[in-house]
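Peer 1: The structure's right below; bear with me while I get my questions together.
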Amino acid sequence: MPLPFLTADRELDTRAAEYAALPHDEPDHWRRPYRPGPWRVGTAAVFLLLASFVLLSAMIIAMAGSLPGAVVCVLVGALMIAFALRLLRVGIWVSAHGLRQVNLLRTATEPWSAIASVRTRQQPVRWLGLPRTVQGQALIVERTQGAPLRALITDHNGDFLSRPETFERAADVLEAWAAEYRV
């Protein structure tokens with residue numbers, strides 16, 4: 001049984017694997033055209049770790065005999081897990097049907113026929129979603145009718161901070177999807 005992850009003779013080109021484009025064989029399925037960034041994954045991992053501690057404390061409280069306290073701890077742990085999973089889903093998703101912007105509390109879907117253009121623009125952007133703004137690039141979607149959507153992705157959000165080439169590739173992929181499926 002070959003174990004390539006244990007051998008020293010294989011190519012350890014992790015950088016190329018990290019920046020490899022994601023396949024999109026089935027255009028009818030919703031998919032994110034980029035990988036979640038380290039800030040987003042790290043934050044979700046911290047919340048999952050905290051949730052494990054809260055659930056462990058719920059078990060200890062339940063064994064001590066305080067059932068209402070254990071129920072509260074289980075509910076808090078379940079909310080933390082739900083928050084971490086939703087945080088991992090935040091981003092832009094595309095399919096042949098349109099473009100979907102998933103936020104923490106809501107999701108907005110625009111069909112390709114309602115989108116006039118998708119382009120990058122230099123503007124002040126929020127740093128990691130915090131109130132502080134810095135000069136950066138943002139992917140802007142202009143609708144055929146109505147106001148443009150807020151910036152879909154920026155080079156300073158949780159997926160692309162310190163990874164400008166990944167932002168450029170994701171913006172190019174989203175522009176290509178728009179050019180291919182827009183009517």
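Here's how to read the names in the structure tokens: chain A, B, ... by the order shown, residue numbers from 1 in each chain, ligand numbers from 1 in the order shown.
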Tell me, as a PyMOL selection string, which residues lie within 9 Å of Val173 of chain A, counting only C-alpha atoms; anything in the same chain fewer than 5 positions away does not count.
Peer 2: chain A and resi 33-34+168+178
Peer 1: Would you export the selected residues with N, CA, C and O atoms as a PDB file, in the first residue's frame, please?
Peer 2:
```pdb
ATOM      1  N   PRO A  33     -16.055  30.088  -6.185  1.00  0.00           N
ATOM      2  CA  PRO A  33     -14.950  29.986  -7.148  1.00  0.00           C
ATOM      3  C   PRO A  33     -13.569  30.223  -6.533  1.00  0.00           C
ATOM      4  O   PRO A  33     -12.602  30.399  -7.258  1.00  0.00           O
ATOM      5  N   TYR A  34     -13.473  30.240  -5.235  1.00  0.00           N
ATOM      6  CA  TYR A  34     -12.186  30.416  -4.551  1.00  0.00           C
ATOM      7  C   TYR A  34     -12.262  29.669  -3.225  1.00  0.00           C
ATOM      8  O   TYR A  34     -13.331  29.340  -2.737  1.00  0.00           O
ATOM      9  N   GLU A 168      -6.936  38.423  -7.260  1.00  0.00           N
ATOM     10  CA  GLU A 168      -6.973  38.684  -8.703  1.00  0.00           C
ATOM     11  C   GLU A 168      -7.560  37.495  -9.457  1.00  0.00           C
ATOM     12  O   GLU A 168      -8.375  37.664 -10.365  1.00  0.00           O
ATOM     13  N   ALA A 178     -19.529  35.791 -15.209  1.00  0.00           N
ATOM     14  CA  ALA A 178     -20.499  36.807 -15.622  1.00  0.00           C
ATOM     15  C   ALA A 178     -20.508  36.951 -17.141  1.00  0.00           C
ATOM     16  O   ALA A 178     -21.580  37.067 -17.750  1.00  0.00           O
TER      17      ALA A 178
END
```
Peer 1: Identify, with DSSP run on backbone atoms, the residues in segment 3-175 of chain A assigned to strand (DSSP E or B), and express the list as a PyMOL selection string.
Peer 2: chain A and resi 31+91-94+98-102+107-111+115-126+133-143+154
Peer 1: Name all residues at most 12 Å from Leu56 of chain A (count only C-alpha atoms; drop same-chain ones fewer than 3 positions away) and give them as a list in words.
Peer 2: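 Final neighbour list, sorted by chain and number: Leu49, Leu50, Ala51, Ser52, Phe53, Met59, Ile60, Ile61, Ala62, Met63, Ala70, Cys73, Val74, Val76 and Gly77 of chain A.
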Peer 1: Hey, can you check how far atom CA of Asp28 of chain A sits from atom CA of His97 of chain A?
Peer 2: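 Atom CA of Asp28 of chain A sits 6.8 Å away from atom CA of His97 of chain A.
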Peer 1: Can you list, as a list of chain:residue names, every protein, DNA or RNA residue that comes within 12 Å of Arg86 of chain A when you count only C-alpha atoms, leaving out same-chain residues fewer than 3 positions away?
Peer 2: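 Final neighbour list, sorted by chain and number: A:Arg40, A:Val41, A:Thr43, A:Ala44, A:Phe47, A:Leu48, A:Leu79, A:Met80, A:Ile81, A:Ala82, A:Phe83, A:Arg89, A:Val90, A:Gly91, A:Val102, A:Asn103, A:Leu104, A:Leu105, A:Arg106, A:Thr107.
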Peer 1: Measuring atom to atom with only C-alpha atoms, identify which of A:Gly98, A:Thr133, A:Leu88, A:Leu128 is nearest to Ser162 of chain A.
Peer 2: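 Of all the options, A:Leu128 lies closest to Ser162 of chain A.
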Peer 1: Can you tell me, as a ChimeraX atom specification, which residues in segment 60-175 of chain A count as helix (DSSP H, G or I) by DSSP?
Peer 2: /A:60-64,67-89,112-114,164-175
